[in-house]
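Next comes query01.txt, a file with compact mmCIF, C-alpha atoms.
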```
# COMPACT_ATOMS: atom_id res chain seq x y z
CA MET A 214 98.18 84.56 85.38
CA ALA A 215 96.63 87.96 85.93
CA ASP A 216 98.33 90.86 84.18
CA LEU A 217 100.31 93.00 86.65
CA SER A 218 101.61 95.50 84.08
CA SER A 219 100.94 99.04 85.23
CA ASN A 220 100.12 102.34 83.58
CA PHE A 221 100.13 104.97 86.28
CA ALA A 222 99.24 108.44 84.97
CA GLY A 223 100.89 107.46 81.68
CA ILE A 224 103.98 105.99 83.34
CA LYS A 225 104.39 102.33 82.41
CA SER A 226 106.08 99.66 84.53
CA PRO A 227 106.14 95.84 84.66
CA ASN A 228 104.12 95.78 87.89
CA PRO A 229 102.55 98.22 90.37
CA PHE A 230 105.27 97.77 93.02
CA TRP A 231 107.51 100.83 93.23
CA LEU A 232 110.18 101.80 95.71
CA ALA A 233 109.40 105.04 97.54
CA SER A 234 111.83 107.93 97.62
CA ALA A 235 114.06 106.98 100.57
CA PRO A 236 117.42 105.39 101.47
CA PRO A 237 116.72 102.28 99.30
CA THR A 238 116.76 104.55 96.21
CA ASN A 239 119.78 106.61 97.19
CA THR A 240 122.15 105.47 94.41
CA GLY A 241 122.10 104.08 90.91
CA ALA A 242 123.61 100.80 92.07
CA GLN A 243 120.77 100.34 94.56
CA VAL A 244 118.02 101.10 92.06
CA ALA A 245 119.61 98.76 89.50
CA ARG A 246 119.69 95.92 92.05
CA ALA A 247 116.06 96.65 92.92
CA PHE A 248 114.99 96.38 89.28
CA GLU A 249 116.93 93.14 88.93
CA ALA A 250 115.04 91.82 91.98
CA GLY A 251 111.71 92.57 90.29
CA TRP A 252 110.56 96.01 91.40
CA GLY A 253 108.48 97.71 88.71
CA GLY A 254 109.59 101.24 89.45
CA ALA A 255 111.54 103.48 91.80
CA VAL A 256 111.24 107.04 93.03
CA TRP A 257 114.80 108.33 93.42
CA LYS A 258 115.80 109.75 96.81
CA THR A 259 114.80 113.41 96.76
CA LEU A 260 117.05 115.73 94.76
CA GLY A 261 117.76 119.33 95.70
CA ASP A 262 120.63 121.37 97.02
CA PRO A 263 122.70 118.68 98.79
CA ILE A 264 122.53 118.91 102.58
CA ILE A 265 124.61 117.62 105.48
CA ASN A 266 122.80 114.87 107.37
CA VAL A 267 123.22 114.16 111.07
CA SER A 268 124.40 111.00 112.85
CA SER A 269 122.57 109.05 114.21
CA ARG A 270 119.38 109.17 112.10
CA TYR A 271 116.91 106.35 112.83
CA SER A 272 114.96 105.04 115.81
CA THR A 273 112.21 102.47 116.11
CA VAL A 274 109.19 101.35 118.06
CA ASP A 275 109.35 97.59 118.68
CA TYR A 276 106.31 95.82 120.08
CA GLY A 277 105.39 92.30 121.07
CA GLY A 278 108.59 90.84 119.68
CA GLN A 279 108.22 92.60 116.33
CA LYS A 280 111.19 94.73 115.39
CA MET A 281 110.59 98.01 113.54
CA MET A 282 106.83 98.08 113.98
CA GLY A 283 107.42 101.80 113.47
CA LEU A 284 110.50 103.54 112.09
CA ASN A 285 111.41 107.15 112.79
CA ASN A 286 114.02 109.06 110.80
CA ILE A 287 115.57 112.51 110.96
CA GLU A 288 117.39 112.06 107.65
CA LEU A 289 116.84 114.68 104.98
CA ILE A 290 117.15 114.71 101.18
CA THR A 291 120.18 113.54 99.20
CA ASP A 292 123.60 114.45 100.50
CA ARG A 293 125.14 113.57 97.13
CA PRO A 294 125.76 116.16 94.37
CA VAL A 295 122.81 116.62 92.01
CA GLU A 296 124.97 116.03 88.94
CA VAL A 297 126.11 112.65 90.34
CA ASN A 298 122.51 111.59 90.99
CA LEU A 299 121.42 112.67 87.51
CA LYS A 300 124.33 110.82 85.88
CA GLU A 301 123.40 107.61 87.69
CA MET A 302 119.73 108.12 86.92
CA ARG A 303 120.52 108.36 83.21
CA GLU A 304 122.63 105.19 83.37
CA VAL A 305 119.92 103.21 85.18
CA LYS A 306 117.23 104.32 82.74
CA GLU A 307 119.37 103.29 79.76
CA ARG A 308 119.91 99.89 81.34
CA PHE A 309 116.26 99.36 82.36
CA PRO A 310 114.16 101.20 79.76
CA ASN A 311 110.93 99.37 80.65
CA HIS A 312 111.00 100.18 84.36
CA ALA A 313 109.53 103.37 85.82
CA LEU A 314 112.12 105.83 87.09
CA ILE A 315 110.73 108.85 88.93
CA ALA A 316 112.70 111.89 90.08
CA SER A 317 111.68 113.20 93.51
CA LEU A 318 112.34 116.92 93.74
CA MET A 319 112.51 119.54 96.48
CA VAL A 320 114.00 123.00 96.01
CA GLU A 321 113.46 126.50 97.33
CA SER A 322 110.07 128.01 96.61
CA THR A 323 110.86 130.10 93.54
CA ARG A 324 109.66 129.56 89.98
CA GLU A 325 113.18 129.73 88.62
CA ALA A 326 114.58 127.09 90.99
CA TRP A 327 111.77 124.66 90.20
CA HIS A 328 112.05 125.23 86.45
CA GLU A 329 115.78 124.56 86.51
CA MET A 330 115.50 121.35 88.55
CA VAL A 331 112.62 119.98 86.47
CA LYS A 332 114.56 120.47 83.24
CA ARG A 333 117.69 118.86 84.64
CA ALA A 334 115.78 115.82 85.94
CA GLU A 335 113.89 115.29 82.70
CA ASP A 336 117.04 115.69 80.63
CA ALA A 337 118.43 112.75 82.65
CA GLY A 338 115.66 110.56 81.27
CA CYS A 339 113.24 110.19 84.17
CA ASP A 340 109.71 108.98 83.35
CA GLY A 341 107.99 111.33 85.76
CA LEU A 342 108.42 113.79 88.61
CA GLU A 343 107.32 113.49 92.23
CA LEU A 344 107.17 116.80 94.10
CA ASN A 345 108.10 116.23 97.73
CA PHE A 346 105.59 118.36 99.63
CA GLY A 347 105.58 116.02 102.59
CA CYS A 348 108.94 115.84 104.43
CA PRO A 349 108.01 116.80 108.02
CA HIS A 350 111.40 117.64 109.49
CA GLY A 351 114.50 119.63 108.63
CA MET A 352 113.41 120.74 105.20
CA SER A 353 110.09 122.09 106.45
CA GLU A 354 112.02 124.45 108.74
CA ARG A 355 113.61 125.81 105.54
CA GLY A 356 110.24 126.51 103.92
CA MET A 357 110.12 123.30 101.88
CA GLY A 358 108.55 119.86 102.22
CA ALA A 359 105.58 119.81 104.60
CA ALA A 360 105.74 123.60 104.88
CA VAL A 361 104.43 123.62 101.30
CA GLY A 362 102.11 120.62 101.61
CA GLN A 363 100.34 122.05 104.65
CA VAL A 364 99.30 125.20 102.79
CA PRO A 365 96.99 124.43 99.84
CA GLU A 366 97.72 127.75 98.15
CA TYR A 367 101.47 127.02 98.11
CA CYS A 368 100.84 123.47 96.94
CA ALA A 369 98.77 124.66 93.98
CA LYS A 370 101.18 127.45 93.07
CA ILE A 371 104.37 125.39 93.03
CA THR A 372 102.65 122.55 91.17
CA SER A 373 101.58 125.04 88.52
CA TRP A 374 105.18 126.31 88.23
CA VAL A 375 106.37 122.76 87.60
CA LYS A 376 103.65 122.12 85.03
CA GLU A 377 104.77 125.18 83.08
CA VAL A 378 107.89 123.33 81.93
CA ALA A 379 107.37 119.63 82.72
CA ARG A 380 107.20 117.21 79.79
CA THR A 381 106.56 114.13 81.94
CA PRO A 382 103.71 113.36 84.38
CA VAL A 383 103.81 115.26 87.68
CA ILE A 384 102.98 113.48 90.96
CA VAL A 385 102.48 115.50 94.15
CA LYS A 386 103.50 113.71 97.36
CA LEU A 387 101.21 114.78 100.20
CA THR A 388 101.89 115.25 103.90
CA PRO A 389 99.73 113.50 106.50
CA ASN A 390 100.57 116.23 109.01
CA ILE A 391 97.47 118.21 108.18
CA ALA A 392 93.89 118.41 109.47
CA ASP A 393 92.25 117.30 106.21
CA ILE A 394 94.42 115.86 103.46
CA THR A 395 91.72 116.34 100.82
CA TYR A 396 92.37 120.10 100.76
CA ALA A 397 96.01 119.56 99.79
CA ALA A 398 95.00 116.93 97.22
CA ARG A 399 92.49 119.30 95.63
CA ALA A 400 95.14 122.02 95.55
CA ALA A 401 97.55 119.70 93.74
CA LYS A 402 94.87 118.96 91.17
CA GLU A 403 94.11 122.67 90.82
CA GLY A 404 97.80 123.26 90.12
CA GLY A 405 97.68 120.72 87.29
CA ALA A 406 99.11 117.60 88.95
CA ASP A 407 98.68 114.38 86.98
CA ALA A 408 98.58 112.25 90.15
CA VAL A 409 99.14 112.34 93.91
CA SER A 410 101.03 110.02 96.25
CA LEU A 411 100.46 109.53 99.97
CA ILE A 412 101.27 109.36 102.76
CA ASN A 413 104.63 110.83 103.56
CA THR A 414 105.95 110.32 107.08
CA ILE A 415 104.18 111.44 110.27
CA ASN A 416 105.67 113.80 112.85
CA SER A 417 106.94 111.74 115.77
CA ILE A 418 109.32 111.19 118.66
CA THR A 419 109.63 107.45 119.23
CA GLY A 420 110.87 107.50 122.81
CA VAL A 421 113.34 108.67 125.43
CA ASP A 422 116.36 106.85 126.87
CA LEU A 423 115.53 106.53 130.57
CA ASP A 424 119.22 106.46 131.57
CA THR A 425 120.55 109.41 129.56
CA PHE A 426 117.20 111.28 129.26
CA SER A 427 117.95 111.87 125.58
CA PRO A 428 115.15 111.36 123.04
CA ARG A 429 115.95 108.95 120.23
CA PRO A 430 117.82 109.05 117.87
CA ASN A 431 120.67 110.60 119.85
CA VAL A 432 122.74 113.41 118.29
CA ARG A 433 125.23 114.43 121.00
CA GLY A 434 122.54 114.10 123.67
CA MET A 435 119.92 115.98 121.64
CA SER A 436 117.26 114.95 119.17
CA SER A 437 114.43 116.30 117.03
CA HIS A 438 111.00 115.23 115.86
CA GLY A 439 111.25 113.06 112.79
CA GLY A 440 109.17 111.21 110.22
CA TYR A 441 107.34 108.03 111.30
CA CYS A 442 106.67 105.16 108.90
CA GLY A 443 106.40 101.40 108.80
CA PRO A 444 103.56 98.96 109.67
CA ALA A 445 102.27 101.24 112.45
CA VAL A 446 101.18 103.97 110.01
CA LYS A 447 99.24 101.73 107.61
CA PRO A 448 95.79 102.39 109.16
CA ILE A 449 96.36 106.14 108.94
CA ALA A 450 97.47 105.84 105.32
CA LEU A 451 94.45 103.74 104.36
CA ASN A 452 92.08 106.27 105.90
CA MET A 453 93.66 109.22 104.11
CA LEU A 454 93.79 107.25 100.85
CA SER A 455 90.07 106.48 100.99
CA SER A 456 89.28 110.10 101.87
CA ILE A 457 90.90 111.30 98.66
CA ALA A 458 89.65 108.44 96.47
CA ASN A 459 86.07 109.04 97.66
CA ASP A 460 86.27 112.81 97.21
CA PRO A 461 84.07 113.82 94.23
CA ALA A 462 86.54 116.61 93.44
CA MET A 463 89.33 114.04 92.98
CA GLN A 464 87.56 111.58 90.72
CA GLY A 465 89.82 110.27 87.96
CA MET A 466 93.04 111.33 89.71
CA PRO A 467 95.54 108.42 89.96
CA ILE A 468 96.81 107.80 93.50
CA SER A 469 100.04 106.12 94.51
CA GLY A 470 99.58 104.48 97.91
CA ILE A 471 102.33 104.65 100.54
CA GLY A 472 102.49 103.77 104.22
CA GLY A 473 103.32 100.52 105.97
CA ILE A 474 103.15 98.27 102.92
CA GLY A 475 105.23 95.12 103.31
CA THR A 476 103.23 92.24 101.84
CA TRP A 477 100.96 91.56 98.88
CA LYS A 478 97.99 91.67 101.25
CA ASP A 479 98.91 95.20 102.31
CA ALA A 480 99.18 96.19 98.66
CA ALA A 481 95.81 94.62 97.83
CA GLU A 482 94.15 96.63 100.62
CA PHE A 483 95.60 99.86 99.22
CA LEU A 484 94.39 98.95 95.73
CA LEU A 485 90.90 98.14 97.01
CA LEU A 486 90.71 101.56 98.65
CA GLY A 487 91.64 103.43 95.49
CA ALA A 488 95.40 103.31 94.95
CA SER A 489 96.47 102.73 91.34
CA ASN A 490 99.91 101.50 92.44
CA VAL A 491 101.92 101.30 95.67
CA GLN A 492 105.29 102.47 96.96
CA VAL A 493 107.35 100.62 99.58
CA CYS A 494 110.16 101.81 101.85
CA THR A 495 110.42 100.54 105.44
CA ALA A 496 109.88 96.88 104.61
CA VAL A 497 112.82 97.03 102.19
CA MET A 498 114.98 98.76 104.79
CA HIS A 499 114.11 95.85 107.11
CA TYR A 500 114.20 92.82 104.81
CA GLY A 501 115.81 93.92 101.54
CA TYR A 502 114.72 94.10 97.90
CA ARG A 503 113.88 90.38 97.71
CA ILE A 504 110.44 90.86 99.30
CA VAL A 505 109.06 91.98 95.95
CA ALA A 506 109.12 88.40 94.63
CA ASP A 507 106.61 87.31 97.28
CA MET A 508 104.54 90.43 96.66
CA ILE A 509 104.32 89.69 92.92
CA ASP A 510 103.51 86.01 93.42
CA GLY A 511 101.01 86.69 96.19
CA LEU A 512 99.07 89.36 94.31
CA SER A 513 99.08 87.30 91.11
CA ASN A 514 97.70 84.23 92.89
CA TYR A 515 95.08 86.30 94.68
CA LEU A 516 93.87 87.87 91.45
CA ASP A 517 93.73 84.44 89.79
CA ASP A 518 91.73 83.03 92.68
CA LYS A 519 89.26 85.92 92.46
CA GLY A 520 88.96 85.64 88.69
CA PHE A 521 90.48 89.03 87.83
CA LYS A 522 92.38 89.41 84.57
CA THR A 523 94.32 92.54 85.58
CA TYR A 524 95.23 94.09 88.92
CA SER A 525 93.51 97.33 87.87
CA GLU A 526 90.15 95.55 88.19
CA LEU A 527 90.79 95.53 91.94
CA VAL A 528 91.31 99.29 92.22
CA GLY A 529 88.62 101.03 94.28
CA LEU A 530 86.33 98.02 94.78
CA SER A 531 86.00 98.73 98.51
CA LEU A 532 85.40 102.46 98.24
CA ASP A 533 81.60 102.26 98.24
CA ARG A 534 81.85 100.31 101.51
CA VAL A 535 83.50 103.26 103.28
CA THR A 536 80.85 105.65 104.55
CA HIS A 537 80.20 108.10 107.37
CA TRP A 538 79.27 106.75 110.79
CA ASN A 539 75.80 108.30 110.57
CA GLN A 540 75.03 106.06 107.58
CA LEU A 541 75.74 102.77 109.39
CA ASP A 542 72.87 100.43 110.28
CA LEU A 543 71.94 100.90 113.95
CA ASN A 544 69.87 97.71 113.93
CA TYR A 545 72.64 95.39 112.72
CA LYS A 546 73.55 93.05 115.58
CA VAL A 547 76.41 90.63 116.20
CA ILE A 548 77.35 88.75 119.37
CA ALA A 549 80.38 86.70 120.37
CA LYS A 550 80.38 82.92 120.13
CA ILE A 551 83.13 80.90 121.81
CA ASP A 552 84.26 77.55 120.40
CA GLN A 553 84.78 75.62 123.62
CA ASN A 554 86.75 72.94 121.79
CA ARG A 555 89.38 75.52 120.80
CA CYS A 556 89.37 77.51 124.06
CA ILE A 557 92.59 77.07 126.09
CA GLY A 558 91.13 78.60 129.24
CA CYS A 559 93.53 81.53 129.45
CA GLY A 560 90.76 83.90 130.59
CA LEU A 561 92.07 86.85 128.59
CA CYS A 562 88.69 87.47 126.94
CA TYR A 563 87.04 87.47 130.39
CA THR A 564 89.49 90.02 131.76
CA ALA A 565 89.34 92.25 128.69
CA CYS A 566 85.55 92.28 128.56
CA ASN A 567 84.97 92.79 132.28
CA ASP A 568 87.68 95.39 132.84
CA GLY A 569 87.73 97.11 129.46
CA ALA A 570 84.41 96.63 127.74
CA HIS A 571 80.82 95.59 128.52
CA GLN A 572 80.98 92.85 131.18
CA SER A 573 79.40 90.31 128.83
CA ILE A 574 81.66 87.30 129.37
CA GLY A 575 81.23 85.14 132.43
CA GLY A 576 84.09 83.14 133.90
CA SER A 577 84.96 80.70 136.64
CA ARG A 578 88.14 78.99 137.75
CA SER A 579 88.05 75.24 137.21
CA ALA A 580 89.68 72.60 139.36
CA ALA A 581 92.18 72.06 136.54
CA GLY A 582 93.38 75.65 136.92
CA ARG A 583 91.90 76.99 133.69
CA THR A 584 89.31 79.73 133.31
CA ASP A 585 86.06 78.51 131.86
CA VAL A 586 84.31 81.30 129.93
CA TRP A 587 80.92 81.86 128.33
CA VAL A 588 79.12 84.71 126.58
CA ILE A 589 76.27 86.54 128.34
CA GLU A 590 74.29 87.03 125.15
CA GLU A 591 71.65 89.40 126.52
CA THR A 592 74.27 92.06 127.35
CA CYS A 593 76.79 91.42 124.55
CA VAL A 594 76.98 94.48 122.28
CA GLY A 595 79.18 92.86 119.62
CA CYS A 596 82.15 95.15 120.15
CA ASN A 597 84.69 92.49 118.93
CA LEU A 598 87.15 93.02 121.80
CA CYS A 599 87.09 89.42 123.01
CA SER A 600 87.82 88.07 119.53
CA LEU A 601 90.63 90.58 119.07
CA VAL A 602 92.48 89.67 122.27
CA CYS A 603 91.95 85.90 121.97
CA PRO A 604 95.31 84.19 121.25
CA VAL A 605 93.68 81.22 119.49
CA SER A 606 92.73 81.63 115.85
CA ASP A 607 88.99 81.20 115.14
CA CYS A 608 88.18 80.45 118.79
CA ILE A 609 85.84 83.42 119.17
CA GLU A 610 83.57 84.29 116.26
CA MET A 611 81.28 87.29 115.91
CA VAL A 612 77.94 85.93 114.76
CA HIS A 613 75.16 87.95 113.13
CA VAL A 614 71.88 87.81 115.03
CA GLU A 615 68.69 88.34 113.04
CA ASN A 616 66.45 90.59 115.12
CA GLY A 617 63.75 91.32 112.55
CA ARG A 618 64.34 95.05 112.70
CA PRO A 619 64.56 97.10 109.49
CA GLU A 620 67.81 98.78 108.51
CA VAL A 621 68.00 102.25 110.00
CA SER A 622 70.84 104.75 110.22
CA TRP A 623 71.31 107.73 112.49
CA ASN A 624 70.47 109.98 109.55
CA THR A 625 67.23 108.09 108.94
CA TYR A 626 66.43 108.14 112.65
CA GLN A 627 67.01 111.89 112.88
CA THR A 628 64.97 112.58 109.74
CA GLU A 629 62.02 110.58 111.05
CA LYS A 630 62.34 112.27 114.44
CA GLU A 631 62.31 115.72 112.82
CA LYS A 632 59.27 114.78 110.73
CA HIS A 633 57.44 113.59 113.84
CA THR A 634 58.36 116.75 115.75
CA HIS A 635 57.25 118.93 112.85
CA LEU A 636 53.89 117.15 112.50
CA LEU A 637 53.30 117.34 116.23
CA SER A 638 54.11 121.06 116.31
CA HIS A 639 51.89 121.68 113.28
CA HIS A 640 49.02 119.75 114.91
CA ASN A 641 49.33 121.69 118.18
CA TYR A 642 49.40 124.95 116.26
CA LYS A 643 46.16 124.03 114.46
CA MET A 644 44.57 123.14 117.78
```
What is this file in structure tokens?
Amino acid sequence: MADLSSNFAGIKSPNPFWLASAPPTNTGAQVARAFEAGWGGAVWKTLGDPIINVSSRYSTVDYGGQKMMGLNNIELITDRPVEVNLKEMREVKERFPNHALIASLMVESTREAWHEMVKRAEDAGCDGLELNFGCPHGMSERGMGAAVGQVPEYCAKITSWVKEVARTPVIVKLTPNIADITYAARAAKEGGADAVSLINTINSITGVDLDTFSPRPNVRGMSSHGGYCGPAVKPIALNMLSSIANDPAMQGMPISGIGGIGTWKDAAEFLLLGASNVQVCTAVMHYGYRIVADMIDGLSNYLDDKGFKTYSELVGLSLDRVTHWNQLDLNYKVIAKIDQNRCIGCGLCYTACNDGAHQSIGGSRSAAGRTDVWVIEETCVGCNLCSLVCPVSDCIEMVHVENGRPEVSWNTYQTEKEKHTHLLSHHNYKM
């Protein structure tokens, strides 16, 4: 079997699957049960001055029969005394010395407060520190969390304060609620961070009760924006992950991937786009700690099938396939091909294409009451919509069409156009 043992920024763990700082890591008993279930590491629920949380705290977006496609929370950091958390952290680390135990920290923005909390956490035996610069609600209104992560100068300064006294690796957790996450990542590196983790939750309001008119979750008829996570945020997380991993200024910086991870396939995608390990939250809140067994088995089998000896060989393999739009080949052509033997005659591809795309699927109603469909190849632009809406697996395939044209990108096209314009202008001038 492939080796899943992990060394993330000098922090060792049996595998790359960590629990993110969240309700599943709220107590020592929870973290101990997680390690027994197979999780390689855990980031403790954020420590700081204990706060009073509200009730209720969570709301969801459910879609197409899937519960918790997206999860919103207005819960803040730990509401348990710091000394109790540190005592339990010490006990868990003594019991599981080979598992990664990370202290997530958030305190007021003074050098003294950060120095004190860092020392207390490390004295409890944690293997590393994660600085929570990402919480988008509640704490940000108090000048912490995303209020720090959204300002690169603050991010660099506080990271440097932590590095003045830290003896263990320092991970900076980044907020996605920012125009360009690479600026915050560079600031963390400038401040001396040993690694970054992303994404934290996204600002959101999941909906409004149409009877009471109260947004969800309801706190005496009122609510607030909260942090959004779960499967719905995975595409956003993957994009931000690749942006940092492909940034020349961030080369060599370990990245912990977070955001909508619930299966080994999700984890593999994060690894391929540059994550050195992954953190999971919402899926555990939905299904429990046991999901890690399937994640370990699935990733191991996948690596074996691909011939990889270690999971780290997978890290970043897809990065050179992420480019800017103006570098894509304008002459590459695909068209839709319908397998008539699989088609059930629902007509959904016909409707989608004719009402929402490029009117390139013909259709007619048969005597049997089904919709017979076919591709109008000369107008098909290969947008993929028909294959995406089709309810039958492998019924519609996007097939490459060889057109004999050389590869050309928008950049190449513009460069050649400018050359032509320049030569023409030069010729006319000479005339």
**Item:** Polymer residues at most 9 Å from A:Leu530, only C-alpha atoms, same-chain spacing of 4 or more positions, as a ChimeraX atom specification
**Value:** /A:484-487,526,534
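Excluding stretch 379-391 of chain A itself and any same-chain residue fewer than 3 positions from it, the protein and nucleic acid residues within 6 Å of it, counting only C-alpha atoms, are Gly341, Leu342, Glu343, Leu344, Asn345, Phe346, Gly347, Ala359, Gly362, Gln363, Val375, Lys376, Ala406, Asp407, Ala408, Val409, Ser410, Leu411, Ile412 and Asn413 of chain A.
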**Prompt:** Leaving out stretch 282-292 of chain A and any residue of its chain fewer than 3 positions from it, which residues lie within 9 Å of it when counting only C-alpha atoms, given as a PyMOL selection string?
**Reply:** chain A and resi 235-236+239+258-276+279+295+298+319+348+350-352+414-419+429-430+436-446+473+495
**Prompt:** Rounded to one decimal in Å, what is the spacing between atom CA of A:Ala250 and atom CA of A:Ile504?
**Reply:** 8.7 Å
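In terms of minimum interatomic distance to A:Ala233, A:Val256 ranks closest within A:Ala313, A:Val602, A:Ile474, A:Val256, counting only C-alpha atoms.
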**Request:** May I have the residues within 12 Å of A:Ile509 as a list in words, using all atoms listed in the file and disregarding those fewer than 5 positions away in the same chain?
**Result:** Met214, Ala215, Asp216, Leu217, Ser218, Pro227, Asn228, Pro229, Phe230, Trp231, Ala250, Gly251, Trp252, Gly253, Gly475, Thr476, Trp477, Lys478, Ala480, Ala481, Arg503, Ile504, Asn514, Tyr515, Leu516 and Tyr524 of chain A
**Asked** What does the distance from atom CA of A:Ile589 to atom CA of A:Ser573 come to in Å, to one decimal?
**Response** 4.9 Å
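The space separating atom CA of A:Ser577 from atom CA of A:Ala565 comes to 14.7 Å.
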**Request:** List every protein, DNA or RNA residue with an atom no more than 8 Å from (97.0, 124.6, 95.9) in the file's coordinates, counting all atoms listed in the file, and format the result as a PyMOL selection string.
**Result:** chain A and resi 364-372+397+399-404
**Request:** Mind listing whatever residues come within 12 Å of the point (89.7, 86.8, 121.4)? Use only C-alpha atoms, file coordinates, and give them as a ChimeraX atom specification.
**Result:** /A:549-552,555-566,574,586,588,596-611
Could you turn the residues from that selection into a file that holds C-alpha atoms, as a PDB file, in the frame of the given file?
```pdb
ATOM      1  CA  ALA A 549      80.380  86.700 120.370  1.00  0.00           C
ATOM      2  CA  LYS A 550      80.380  82.920 120.130  1.00  0.00           C
ATOM      3  CA  ILE A 551      83.130  80.900 121.810  1.00  0.00           C
ATOM      4  CA  ASP A 552      84.260  77.550 120.400  1.00  0.00           C
ATOM      5  CA  ARG A 555      89.380  75.520 120.800  1.00  0.00           C
ATOM      6  CA  CYS A 556      89.370  77.510 124.060  1.00  0.00           C
ATOM      7  CA  ILE A 557      92.590  77.070 126.090  1.00  0.00           C
ATOM      8  CA  GLY A 558      91.130  78.600 129.240  1.00  0.00           C
ATOM      9  CA  CYS A 559      93.530  81.530 129.450  1.00  0.00           C
ATOM     10  CA  GLY A 560      90.760  83.900 130.590  1.00  0.00           C
ATOM     11  CA  LEU A 561      92.070  86.850 128.590  1.00  0.00           C
ATOM     12  CA  CYS A 562      88.690  87.470 126.940  1.00  0.00           C
ATOM     13  CA  TYR A 563      87.040  87.470 130.390  1.00  0.00           C
ATOM     14  CA  THR A 564      89.490  90.020 131.760  1.00  0.00           C
ATOM     15  CA  ALA A 565      89.340  92.250 128.690  1.00  0.00           C
ATOM     16  CA  CYS A 566      85.550  92.280 128.560  1.00  0.00           C
ATOM     17  CA  ILE A 574      81.660  87.300 129.370  1.00  0.00           C
ATOM     18  CA  VAL A 586      84.310  81.300 129.930  1.00  0.00           C
ATOM     19  CA  VAL A 588      79.120  84.710 126.580  1.00  0.00           C
ATOM     20  CA  CYS A 596      82.150  95.150 120.150  1.00  0.00           C
ATOM     21  CA  ASN A 597      84.690  92.490 118.930  1.00  0.00           C
ATOM     22  CA  LEU A 598      87.150  93.020 121.800  1.00  0.00           C
ATOM     23  CA  CYS A 599      87.090  89.420 123.010  1.00  0.00           C
ATOM     24  CA  SER A 600      87.820  88.070 119.530  1.00  0.00           C
ATOM     25  CA  LEU A 601      90.630  90.580 119.070  1.00  0.00           C
ATOM     26  CA  VAL A 602      92.480  89.670 122.270  1.00  0.00           C
ATOM     27  CA  CYS A 603      91.950  85.900 121.970  1.00  0.00           C
ATOM     28  CA  PRO A 604      95.310  84.190 121.250  1.00  0.00           C
ATOM     29  CA  VAL A 605      93.680  81.220 119.490  1.00  0.00           C
ATOM     30  CA  SER A 606      92.730  81.630 115.850  1.00  0.00           C
ATOM     31  CA  ASP A 607      88.990  81.200 115.140  1.00  0.00           C
ATOM     32  CA  CYS A 608      88.180  80.450 118.790  1.00  0.00           C
ATOM     33  CA  ILE A 609      85.840  83.420 119.170  1.00  0.00           C
ATOM     34  CA  GLU A 610      83.570  84.290 116.260  1.00  0.00           C
ATOM     35  CA  MET A 611      81.280  87.290 115.910  1.00  0.00           C
TER      36      MET A 611
END
```
**Residue with smallest distance to A:Arg246 - pool A:Val505, A:Ala326, A:Val331, A:Ile449, counting all atoms listed in the file** = A:Val505
